[in-house]
Amino acid sequence: MIEVKNLVKTFPGRGGMLKQKPVQAVKGVDFSIPDAGAVAFIGESGCGKTTIGRILTGLETYDSGEILYNGVNLTDLPAAERLERLRKVQLIQQDPYAALNPSHTIYQTMMAPLTFEAKRQKKPKAWMEQRAREVLELVGLNPNVVFGKYPHMLSGGQRQRVVVARALTVDPDVLVADEAVSMIDVSLRLGILNLLFNLREKYGIALLFITHDVAAARYVGQDGHIYVIYQGEVVEQGVTDELIQSPVHPYTQALLSAVPVLRGLESPGADRYIPLGEFTQEESTACRFAPRCRHAVDRCRTEKPAEQIWPGDQDHRHTCHFPTPRRVVAEPLEVKPS
Amino acid sequence: ACGSSPSTTSSSNATFTTVDEYHAISPGAPYNPYNSNGNTWLGYDQWQLAWFTNSVTNPNNFIPGLAASWTSNANGTEVTIKLQPNAKWSNGQPVTAQDVKASFALAFTQGNAQAFDLGQVNIINSHTVQFKQLPGDHYNLFLNQLLQQTIVPASEFAPVLPKNVWSIIDTAQYAGNNSAKLAQAKAAANQLTALGKKVSAYAPPKSADLSAGAFVLKNLNPGEAILMKNPDFYDARNVKVNEVVMRNYTGNQQIWNYLEAGQLDFGPYTAMPVNILHQILKTKGNQKVVTPAVVAAGLAFDENIYPYNMVKVRQALAYVINRKQVQTVGEGVSGIPAKYQTGMIDLAAKDWLSPSQLAQLKQYRPNIAKATALLKSAGFKKVNGNWMMPNGKPWTMTIYTVNGFSDWIAADKVISTELTNFGIPTSPDIVSSYAQELKDQSDGKYAVSFYLDALGPMAQNAFNMIYGTADGYQLVGTNLVHYPASAAGKGNFIDLPAEIPTLSGKMINPGELTHELTQMTAVSQERPIVQELMSATNANLPVLNLWNYANVEFINTSRFSNFPVNNLGLIYNPAGVWMQEGYVVPRK
Amino acid sequence: MSTAEQTLTPTTSPGAGLKIRNLTVTYQTDRGRFAALKDVSLDIRPRAITGFIGESGSGKTTLAMAAMNAIRAPGLITAGRIESEGVGDILKLKGENLRRIHGQHFGFVFQASSNSLNPLKRIGAQLLDLARSHGAKNPTALLHEAKQLAERMGMDGDRVLTSYQHELSGGMRQRVGIIFALLLRAKIVILDEPTTALDMLSQQAVLEIIRDIHKERGLTTIIITHDMGVVAEMADRVVVLYAGRVVEEGATADVLQRPMHPYTRGLIHAIPRITGDLSDAQPLAGSPPDLATIPEKGCVFRERCPVRMSICDTAEPQYQTAHQDGLVACHGVNAND
Amino acid sequence: MREAIRLVKRLVSGAVMVIIVATFTFFLVRMMPGNPVQAEYSTLISRGMTPTQAADEVRVMYGFMPHQSLWQQYLHYLNQLIHFNLGQSISYEGVSVMHIVLSAAPWTIVLVLSGVVASFLLGVSAGVVSAVKRSSGVGNFLTVSGSLLHGIPQFVMALLLAFLFTTLWPIFPFGAPYDGALTAGFNLPFIGSLAFHAILPVAAYALSSYGGWLLTMKSSVVSVLGDDFVLAAELRGLKSGIRFGYIARNAILPLFTIFALSLGFMFGGSVFIENIFDYNGLGNLLLNAINNRDYPLMSGAFLFITIAVILSNIVADFLYSVVDPRIRRS
Amino acid sequence: MIARVPETDTPSTVTFVKGESFAKMAWRVVKARPSRVIGLAIIVLFTLMGLFGPLIYPHNLPIDPNAIYAPPSLKYPLGTDFEGTSNLALVITGARYVLFAALMAAIFTVVFGTGVGLVSGYFLGATDSILMRITDFILTIPGFPLLVVLSTVWNFGQPIAMGFVLGITGWGGLARAVRSQTLSLRERGFIEAARGMGLPWWHIVFREILPNMGPYIAMNLLVSVTGAIYAEVGLFYLGVVPFHVNNWGVMLNLAVFTGGAMQSPQALPYLLAPLVAILLLTLGVVLFLDALDEIFNPRLREAA
Ligand SMILES: Nc1ncnc2c1ncn2[C@@H]1O[C@H](COP(=O)(O)OP(=O)(O)OP(=O)(O)O)[C@@H](O)[C@H]1O
Ligand SMILES: Nc1ncnc2c1ncn2[C@@H]1O[C@H](COP(=O)(O)OP(=O)(O)OP(=O)(O)O)[C@@H](O)[C@H]1O
Ligand SMILES: [Mg+2]
Ligand SMILES: [Mg+2]
């Protein structure tokens, strides 16, 4: 169980003495990942999803807010113990090729963390290889086949499986999957999603799924939670299918509209709408989405909306002055095979 | 007729091309003979009172320069010179006694005049000057060194010479016991040093490259200096050369290049291997001129270091080292294997010794059997082909020599091979500089090392190399003092016993005898002492001479004729001096 | 918006079709020479949007490049003919003639992430280079048109023209790429994975623009992608490639609704869907094809095929008509009929 | 404004570096064994002077030898530095180091600048050819010859050329930077002679660094050729001239900094070439200073080179940000 | 609720092969082109020379005053020097000092350079600033003159001292390059992954980052070997450092400055012998370099 309260992260501008403008990447985000639960972050490029994921895995520091890992704030712990606990949160990166050391064989890649794990747990040498085989089989790879190979000799899907297997060597409680399938070939994508789902189901590993592909998010956590992030803030959250079916924030609606429609198999949602323009990074004290919102009125441009609960659903929250549920996602058509 | 000559500069027959072996061209350096880079050339546009003929027995044999004649009193402590009556600077002004006196003041600032105990300089008349040694001293090379001083125009150096320079010199020369005066003397000496610094840094105005010599500097660039005949030179009518081109060089090979190309009318002594010599002599017109050089290369032994304290060991080594072979490899061109081990060059030995005395000298011809016998008698043993010392330890040697002295390095390698083959594992080692070597030697760091020896032409200088500071004898004030080898920084490393035997077995004190030589004014007085020292050196071998140097110089006769090839005393001097004597005539 | 339309409409460039016959392209590699495309025959219909779909390495880019006769070493077109209206057999073109059709007949748009613009020159200057290379009579008019196109795509035209490539975001670069492809009124516009590196919103925006302009100019458009969603959303017709072979071709709706090749079927089933039953989706078995390990004989898909038969091991399936005007290459289809 | 602040910052840090280098070299050169007096003494001896005479001669030099403690000397040196004074040379008695260095610099510049420029132009053009034709015979030949030439050390090249063209076939003059009969100045014969004499040393320099440029340029061009925008330019049907411009400009960028730096290091002279061809440039000067243990001259020459390098670095940086828009700010 | 089966892509019948040994693989890569084999052969030849050369000759090489500067003959294949010693023997026995010093120099360069570059690029911050200032400093000071000065300050009796001096002046460029590579590598996924796994810094730096710079470092090692040979031979050639031992630079120096090889063809073999040795070694390195990339980069060498 990870609880995050009011997380804020500002990147100092780069360039030494003459700094560029600082970037406020995360502006006070609250969320929690229940044990064995699934949480998805969706939002467009640059909204701060990766930053949150990296903070959670300890790869990035944060400015303020609180992160409780099983109720413990890690900043209070001595460094060694903090690292120990952070290892329970593992990151699965977007690019499986970059995530594997090209000069190491899969065997070497697997052994690196296991050597330290064995030392920590005072396990014999034989345990290491056995454990490596175990996790590789768990992710659906044949250790005998892949051990001697270099990453470039594997397909994208296999690589991503190796990455997951490596993460599993440290017995993580949480996997943070940052765009974990967007670089995987279509035909293999579903396999990885499947794998993640299984890990959750079978081994109780919680999942933070970061993506801009809503369908994929739905696939690993139908019963989980989706957080829609816009410019470093959560603009809407809710249980996955709930949120997909009846989003109330125009930004969520735009995101969902953008999911391609499989013409012939689906018909587009009635209220589908795609904003054409490039979005501006201008700081605004009012609703940040107002400049791009087709429904914005004067109030949106002057007053910042507070977080509200959508009536009737305790889990469904949003920050919109004029929340309106709209049907934007595609509807499946009944197709009769000829 | 010379159209085919490859000379790059002027086609004029009267252009004489040479290099100055002591002197690289430094554009930007002042026209000042006291500056170590100063662009003046001795024997061309820088002129001395007279020119030494390098005689081994007569230090006072000179060719007149600016001094037309000179006289000295019986014990040589007073000298009077008469200047050439029509000596002029190149601006037409006469060279006067004033110039001479100023030049000697300048010599004091450079420390030169003190070296020969110069006391007073008195102007007798505009062309006559009298010199006196310091009261009480009689240094026998007084005249010799005095005549070799360069004369510069007083007017030129007036800006750097204070009016009271002579009173400073006088104060500095106080040698009594009055401590106040001693302090003043010290201060004055410092003042002179400071002056010396000013003088050598001084750049006379560019307009006045004044010369009293045969030539005047006309033009200078990093590659060449061009000197024109000085029409105001006192012997100008003797000089048949219109222009001298002084080539710059940064290394010997460049001189070899010039010589091979036949570009040099005179090539001064340059170290070179035999193959280059042959190459040079192949070029049309090139001709070799050999004059003796009064210096030898030797090995010095530190007798503080076991086993070199044993005469038999040194002698045995002399029998093992094949000096002919060493010379062939080391100094094939200008070396002559040392025959008599007398502490002087062999030519000097012939001059100083009678034929019967010569015959008595041991020649230490290569003889392994003798060496073996000597060592065995000294308690050495040969085990597995290598010698063990009487103390039971194996005998190995390191022979030190100096970086950049290629003849020594080559010789060192040959000697090492010879000794190793003889059963003494030996390796050469190379020290960064000669100064470093001298310092390390005097600090007793080397058992065996290369040494410049038999430095003459004067006997006293030659023996001083062995029996002077190197053996612990130093002049403090007017007293000869002996420092033991243990005295730090005093330089005694040869450390002979107080008395050593001559060949006839007579025990002599070489340090004292050597000092006595400096007091002698006549050759006849010196001869018995020199003979005893030679004999003792031959018997004891404190230094083993390897070869005597010769000056191998080159002339090219295709553009000029009438070189003073048979006048060894003259040809020892720069070519400008030959021209003063009427030599060197352009071919038509 | 309306002003832009006015200037753009007068000269529409009616798209041209492509007739590809028996095209074989090989690559020389350290491991030998492989056919990246083998005996491909295909018609690209004029004024339609055709989608090329297939896994990585299936030969989509190679096909597009070959269509423009732009295969470079170590690749080699070893056989085939490609005809297009007005230019004849493209594979016979050389030198200046070939250069001229690049840009004038074909417009090519690179992937968003790739740097298809000279990093050292401003966009405007590069547009002028383009104009000069194709002998445009009035380069400034062209610039003006580019600016309008940019505004039309939701960008600030002046800013874009005076920008360097690195000053633009991925979505903007992609749009600029499209401007370059359109400016010379190319008849056939080929977009290689135009949206792969973009997020959903930018992707939809770019697709939207492509669709509009395609319609407006009557272009022939080819979209290369491995995202079935993009094809489904955009294309009139879809070409499915597998290991250098066209395995199925037909009208998009037909292919999506009634895929005939087991590979196509697998692909469609492997799409995570935003609605509907999750268990409908099934991953495709096996790994993507590797040209080096492709069997010499027989069907290239058989290792992953759920309906493999013994004939698949020996004979390569031939093209046969399907979906009325499309085609499919599968022994299984034959058996079903 | 930003640029200005950046420039000032660079200059300040450059100045700090100069002080550090000055300090370092000051102490380093004084750690060298031997001293100017010893060195001079050695020289005199090896010229054949008797040790006594030589000792007399060098005694004067003690006057030049600093008697203060090393620390005092250092402070004095720094104080001089701040006043742009590099002190006085020991071996060139009484001449200021600045004067010596400045009079040596032109020789180096004539020699090395033409060498650097010639090798750069040659190397870069050959690099382009060898990249474009990399699978043909010409390309292979250029690449192989480049690697081999790159492998030959400069002094070997210089010796080789000198041997071939002054001794074996005496086509070129040797041993002086110009014909001695001429007067230095802006007159045609002088400049002509200067150029004629410079042919061999410049060729030696250029040949030994040509390979480096060739290889760098080749790999740069090859990597640019693989860039997408090159393919894009082709597929847009850009004329080959324009395309070549694209490639060339992008490929030469990475070489630009190296070129600027080598211009800076140019002030270090080329010890070997100057030595072998007898130019009184900075390289020879420094070598002589080292041999003579002329501390002020050594420190001064080091400092001069360092300043040149630092300045060229700064200039390179700024020029780079001019030619590469990606570096430019705001 | 949803039925999903974990799939395994291949049956587990194949047994795990760890792959061929490094040496085997390297040899396979070298064998692929004759030029590489020649390069390797040359390098091996010189290595053997350095290792065993001095052993096959007596400590003091025999001299022959009757064959000074002898031309090449059966007895003296490369002619003789100023004392009639075989040039071939000189080249062979001289190889040890030259090569060992050069190897030492290269090792110092590479160890300093990669060490500083790695640490600086990985830790960034103050460590980086300090190390980079030092690197700038090394880069700013003119190399060769500094080398001359340093080489007089240190004593050069041992090749290791020579190597150290050469190394200490030459690591700046490599440190810079390694740092920038480290900077780019440290942003790469697998480094982040390793950090996320809680692996210690030294593991990340030396086991994850370093192997990826293998070809680069190996190439630098070879190139600095030749660079060091030139610098070293150059120093001896100029004669600015005292020499105690026979080596190629000393040969060049003696050939040119005392043998007059430039002036007389007689001494030419004495000059050419070490020169040819240097050129040959250069050639060997140039030819062999080509194989390095493939040896160290698994992507470039495809298992057959
Ligand atoms: N190290 C950094 N330094 C400065 N700014 C950064 C840094 N990392 C991220 N940012 C900025 O923070 C913001 C959020 O970035 P983040 O990577 O979290 O976005 P994201 O939602 O993951 O985007 P994408 O979908 O493109 O991956 C962006 O504006 C980005 O430019
Ligand atoms: N330059 C090349 N050298 C060698 N092989 C190549 C080259 N370019 C492509 N190939 C090979 O040709 C085959 C088809 O490549 P192509 O780029 O057309 O595939 P693609 O379908 O576009 O894949 P992607 O989706 O990854 O872009 C691949 O197996 C690829 O490895
Ligand atoms: Mg991200
Ligand atoms: Mg592709």
# chains A, B, ... in the order shown; residues from 1 in each chain; ligands from 1

call {"tool": "residues_near_ligand", "arguments": {"ligand": "ligand 4", "cutoff": "10 Å", "atoms": "only C-alpha atoms and all ligand atoms", "output": "short mmCIF file (atom, residue, chain, number, x, y, z; two decimals) with N, CA, C and O atoms, in the first residue's frame"}}
result
data_model
loop_
_atom_site.label_atom_id
_atom_site.label_comp_id
_atom_site.auth_asym_id
_atom_site.auth_seq_id
_atom_site.Cartn_x
_atom_site.Cartn_y
_atom_site.Cartn_z
N GLY C 54 1.67 -4.27 -40.39
CA GLY C 54 2.49 -5.46 -40.22
C GLY C 54 3.45 -5.22 -39.08
O GLY C 54 3.65 -4.08 -38.65
N GLU C 55 4.03 -6.32 -38.61
CA GLU C 55 4.95 -6.17 -37.49
C GLU C 55 6.24 -5.50 -37.94
O GLU C 55 6.50 -5.36 -39.13
N SER C 56 7.03 -5.18 -36.96
CA SER C 56 8.32 -4.58 -37.26
C SER C 56 9.13 -5.53 -38.12
O SER C 56 9.18 -6.73 -37.86
N GLY C 57 9.73 -5.01 -39.17
CA GLY C 57 10.56 -5.84 -40.02
C GLY C 57 9.79 -6.58 -41.08
O GLY C 57 10.36 -7.38 -41.83
N SER C 58 8.50 -6.31 -41.20
CA SER C 58 7.72 -7.05 -42.18
C SER C 58 7.89 -6.48 -43.58
O SER C 58 7.48 -7.11 -44.55
N GLY C 59 8.53 -5.31 -43.69
CA GLY C 59 8.83 -4.78 -45.02
C GLY C 59 7.98 -3.59 -45.44
O GLY C 59 7.98 -3.22 -46.60
N LYS C 60 7.31 -2.96 -44.48
CA LYS C 60 6.44 -1.83 -44.81
C LYS C 60 7.24 -0.68 -45.40
O LYS C 60 6.93 -0.15 -46.48
N THR C 61 8.29 -0.29 -44.65
CA THR C 61 9.10 0.83 -45.13
C THR C 61 9.76 0.47 -46.45
O THR C 61 9.80 1.28 -47.37
N THR C 62 10.24 -0.74 -46.54
CA THR C 62 10.90 -1.17 -47.77
C THR C 62 9.95 -1.06 -48.96
O THR C 62 10.33 -0.57 -50.02
N LEU C 63 8.75 -1.43 -48.73
CA LEU C 63 7.77 -1.37 -49.82
C LEU C 63 7.55 0.08 -50.25
O LEU C 63 7.53 0.40 -51.44
N ALA C 64 7.40 0.95 -49.28
CA ALA C 64 7.18 2.35 -49.60
C ALA C 64 8.37 2.93 -50.33
O ALA C 64 8.23 3.67 -51.31
N MET C 65 9.56 2.60 -49.85
CA MET C 65 10.77 3.12 -50.48
C MET C 65 10.92 2.59 -51.90
O MET C 65 11.28 3.32 -52.82
N PHE C 110 8.26 11.55 -42.78
CA PHE C 110 8.99 10.66 -41.89
C PHE C 110 8.32 10.54 -40.54
O PHE C 110 7.44 11.32 -40.19
N GLN C 111 8.80 9.56 -39.80
CA GLN C 111 8.31 9.41 -38.43
C GLN C 111 8.54 10.67 -37.64
O GLN C 111 9.52 11.37 -37.83
N ASP C 192 5.23 7.46 -43.25
CA ASP C 192 5.80 6.29 -42.58
C ASP C 192 5.64 6.47 -41.08
O ASP C 192 6.25 7.35 -40.48
N GLU C 193 4.80 5.67 -40.48
CA GLU C 193 4.53 5.72 -39.05
C GLU C 193 4.40 7.16 -38.56
O GLU C 193 5.18 7.61 -37.75
N ILE C 224 1.79 4.10 -43.30
CA ILE C 224 2.47 2.91 -42.79
C ILE C 224 2.35 2.93 -41.28
O ILE C 224 2.62 3.96 -40.65
N THR C 225 1.95 1.87 -40.70
CA THR C 225 1.78 1.87 -39.24
C THR C 225 1.79 0.44 -38.76
O THR C 225 1.66 -0.50 -39.54
N HIS C 226 2.02 0.26 -37.47
CA HIS C 226 1.75 -1.08 -36.97
C HIS C 226 0.59 -1.05 -35.98
O HIS C 226 0.36 -2.00 -35.25
#

call {"tool": "residues_around", "arguments": {"residues": "region 316-327 of chain A", "least_positions_apart": "6", "cutoff": "6 Å", "atoms": "only C-alpha atoms", "output": "MDAnalysis selection string"}}
result
chainID A and resid 235:238 246:249 269:271 305:310

call {"tool": "closest_residue", "arguments": {"among": "B:Gln114, B:Gln341, B:Gln145, B:Asn60", "to": "Arg365 (chain B)", "atoms": "only C-alpha atoms"}}
result
B:Gln341

call {"tool": "interface_residues", "arguments": {"of": "chain A", "to": "chain C", "cutoff": "6 Å", "atoms": "only C-alpha atoms", "output": "PyMOL selection string"}}
result
chain A and resi 44-45+187+190-191+215-216+258+260-264+276-277

call {"tool": "write_last_selection", "arguments": {"atoms": "N, CA, C and O atoms", "output": "PDB file, in the first residue's frame"}}
result
ATOM      1  N   GLU A  44      -1.491  13.370 -21.555  1.00  0.00           N
ATOM      2  CA  GLU A  44      -0.660  13.528 -22.748  1.00  0.00           C
ATOM      3  C   GLU A  44       0.789  13.769 -22.365  1.00  0.00           C
ATOM      4  O   GLU A  44       1.143  13.869 -21.195  1.00  0.00           O
ATOM      5  N   SER A  45       1.613  13.865 -23.361  1.00  0.00           N
ATOM      6  CA  SER A  45       3.045  13.995 -23.174  1.00  0.00           C
ATOM      7  C   SER A  45       3.388  15.202 -22.312  1.00  0.00           C
ATOM      8  O   SER A  45       2.817  16.274 -22.479  1.00  0.00           O
ATOM      9  N   SER A 187       1.596  -7.026 -32.126  1.00  0.00           N
ATOM     10  CA  SER A 187       1.213  -8.421 -31.953  1.00  0.00           C
ATOM     11  C   SER A 187       1.648  -8.946 -30.591  1.00  0.00           C
ATOM     12  O   SER A 187       1.137  -9.928 -30.098  1.00  0.00           O
ATOM     13  N   LEU A 190      -0.198  -7.305 -26.318  1.00  0.00           N
ATOM     14  CA  LEU A 190      -1.207  -7.928 -25.464  1.00  0.00           C
ATOM     15  C   LEU A 190      -0.571  -8.954 -24.538  1.00  0.00           C
ATOM     16  O   LEU A 190      -0.977  -9.118 -23.391  1.00  0.00           O
ATOM     17  N   GLY A 191       0.466  -9.640 -25.041  1.00  0.00           N
ATOM     18  CA  GLY A 191       1.145 -10.629 -24.223  1.00  0.00           C
ATOM     19  C   GLY A 191       1.720 -10.000 -22.967  1.00  0.00           C
ATOM     20  O   GLY A 191       1.624 -10.552 -21.869  1.00  0.00           O
ATOM     21  N   ALA A 215      -6.861   2.233 -23.520  1.00  0.00           N
ATOM     22  CA  ALA A 215      -7.314   0.847 -23.689  1.00  0.00           C
ATOM     23  C   ALA A 215      -6.372  -0.105 -22.967  1.00  0.00           C
ATOM     24  O   ALA A 215      -6.808  -1.059 -22.314  1.00  0.00           O
ATOM     25  N   ALA A 216      -5.067   0.184 -23.060  1.00  0.00           N
ATOM     26  CA  ALA A 216      -4.112  -0.674 -22.386  1.00  0.00           C
ATOM     27  C   ALA A 216      -4.294  -0.579 -20.881  1.00  0.00           C
ATOM     28  O   ALA A 216      -4.224  -1.587 -20.165  1.00  0.00           O
ATOM     29  N   ALA A 258      -9.649  10.378 -28.326  1.00  0.00           N
ATOM     30  CA  ALA A 258      -8.490  10.169 -29.196  1.00  0.00           C
ATOM     31  C   ALA A 258      -8.181   8.705 -29.420  1.00  0.00           C
ATOM     32  O   ALA A 258      -7.367   8.363 -30.269  1.00  0.00           O
ATOM     33  N   PRO A 260      -8.267   5.511 -31.159  1.00  0.00           N
ATOM     34  CA  PRO A 260      -8.739   5.250 -32.531  1.00  0.00           C
ATOM     35  C   PRO A 260      -9.939   4.315 -32.533  1.00  0.00           C
ATOM     36  O   PRO A 260     -10.042   3.414 -31.705  1.00  0.00           O
ATOM     37  N   VAL A 261     -10.768   4.570 -33.471  1.00  0.00           N
ATOM     38  CA  VAL A 261     -11.978   3.764 -33.586  1.00  0.00           C
ATOM     39  C   VAL A 261     -11.737   2.688 -34.638  1.00  0.00           C
ATOM     40  O   VAL A 261     -11.223   2.976 -35.718  1.00  0.00           O
ATOM     41  N   LEU A 262     -12.031   1.480 -34.295  1.00  0.00           N
ATOM     42  CA  LEU A 262     -11.883   0.404 -35.272  1.00  0.00           C
ATOM     43  C   LEU A 262     -13.117   0.394 -36.157  1.00  0.00           C
ATOM     44  O   LEU A 262     -14.105  -0.284 -35.875  1.00  0.00           O
ATOM     45  N   ARG A 263     -13.069   1.177 -37.196  1.00  0.00           N
ATOM     46  CA  ARG A 263     -14.230   1.276 -38.078  1.00  0.00           C
ATOM     47  C   ARG A 263     -14.530  -0.100 -38.646  1.00  0.00           C
ATOM     48  O   ARG A 263     -13.624  -0.816 -39.030  1.00  0.00           O
ATOM     49  N   GLY A 264     -15.788  -0.389 -38.658  1.00  0.00           N
ATOM     50  CA  GLY A 264     -16.161  -1.725 -39.097  1.00  0.00           C
ATOM     51  C   GLY A 264     -16.489  -2.606 -37.908  1.00  0.00           C
ATOM     52  O   GLY A 264     -17.359  -3.448 -37.979  1.00  0.00           O
ATOM     53  N   LEU A 276      -7.483  20.317 -31.919  1.00  0.00           N
ATOM     54  CA  LEU A 276      -6.451  20.284 -32.944  1.00  0.00           C
ATOM     55  C   LEU A 276      -5.141  20.927 -32.504  1.00  0.00           C
ATOM     56  O   LEU A 276      -4.068  20.478 -32.813  1.00  0.00           O
ATOM     57  N   GLY A 277      -5.294  22.022 -31.786  1.00  0.00           N
ATOM     58  CA  GLY A 277      -4.131  22.904 -31.565  1.00  0.00           C
ATOM     59  C   GLY A 277      -3.107  22.317 -30.626  1.00  0.00           C
ATOM     60  O   GLY A 277      -3.314  21.318 -29.956  1.00  0.00           O
TER      61      GLY A 277
END

call {"tool": "select_by_dssp", "arguments": {"residues": "region 101-260 of chain E", "states": "alpha helix (DSSP H)", "output": "PyMOL selection string"}}
result
chain E and resi 101-123+125-140+143-153+159-170+172-186+189-196+201-203+210-212+214-238+248-253

call {"tool": "residues_around", "arguments": {"residues": "Val241 (chain B)", "least_positions_apart": "6", "cutoff": "8 Å", "atoms": "only C-alpha atoms", "output": "list in words"}}
result
Ala14, Thr15, Phe16, Lys229, Met579, Val584, Val585 and Pro586 of chain B

call {"tool": "decode", "arguments": {"residues": "region 50-59 of chain E", "atoms": "N, CA, C and O atoms", "output": "mmCIF file, in the first residue's frame"}}
result
data_model
loop_
_atom_site.group_PDB
_atom_site.id
_atom_site.type_symbol
_atom_site.label_atom_id
_atom_site.label_comp_id
_atom_site.auth_asym_id
_atom_site.auth_seq_id
_atom_site.Cartn_x
_atom_site.Cartn_y
_atom_site.Cartn_z
ATOM 1 N N GLY E 50 59.243 -7.765 -27.041
ATOM 2 C CA GLY E 50 59.374 -7.071 -25.764
ATOM 3 C C GLY E 50 59.589 -8.060 -24.628
ATOM 4 O O GLY E 50 60.360 -7.814 -23.704
ATOM 5 N N LEU E 51 58.926 -9.205 -24.716
ATOM 6 C CA LEU E 51 59.024 -10.168 -23.620
ATOM 7 C C LEU E 51 60.354 -10.912 -23.647
ATOM 8 O O LEU E 51 61.045 -11.007 -22.639
ATOM 9 N N PHE E 52 60.687 -11.412 -24.828
ATOM 10 C CA PHE E 52 61.830 -12.329 -24.877
ATOM 11 C C PHE E 52 63.043 -11.748 -25.576
ATOM 12 O O PHE E 52 64.115 -12.332 -25.519
ATOM 13 N N GLY E 53 62.849 -10.601 -26.251
ATOM 14 C CA GLY E 53 63.963 -10.023 -27.003
ATOM 15 C C GLY E 53 65.251 -9.969 -26.212
ATOM 16 O O GLY E 53 66.279 -10.528 -26.621
ATOM 17 N N PRO E 54 65.230 -9.334 -25.038
ATOM 18 C CA PRO E 54 66.480 -9.187 -24.287
ATOM 19 C C PRO E 54 67.069 -10.520 -23.846
ATOM 20 O O PRO E 54 68.253 -10.588 -23.532
ATOM 21 N N LEU E 55 66.233 -11.559 -23.824
ATOM 22 C CA LEU E 55 66.754 -12.835 -23.334
ATOM 23 C C LEU E 55 67.603 -13.563 -24.364
ATOM 24 O O LEU E 55 68.469 -14.361 -24.016
ATOM 25 N N ILE E 56 67.340 -13.277 -25.654
ATOM 26 C CA ILE E 56 68.081 -14.046 -26.655
ATOM 27 C C ILE E 56 69.434 -13.413 -26.947
ATOM 28 O O ILE E 56 70.229 -13.976 -27.682
ATOM 29 N N TYR E 57 69.700 -12.249 -26.371
ATOM 30 C CA TYR E 57 71.000 -11.626 -26.592
ATOM 31 C C TYR E 57 71.709 -11.485 -25.257
ATOM 32 O O TYR E 57 71.066 -11.402 -24.212
ATOM 33 N N PRO E 58 73.055 -11.425 -25.299
ATOM 34 C CA PRO E 58 73.780 -11.196 -24.045
ATOM 35 C C PRO E 58 73.456 -9.806 -23.494
ATOM 36 O O PRO E 58 72.982 -8.935 -24.228
ATOM 37 N N HIS E 59 73.705 -9.613 -22.211
ATOM 38 C CA HIS E 59 73.373 -8.344 -21.567
ATOM 39 C C HIS E 59 73.998 -7.160 -22.306
ATOM 40 O O HIS E 59 73.350 -6.171 -22.601
#
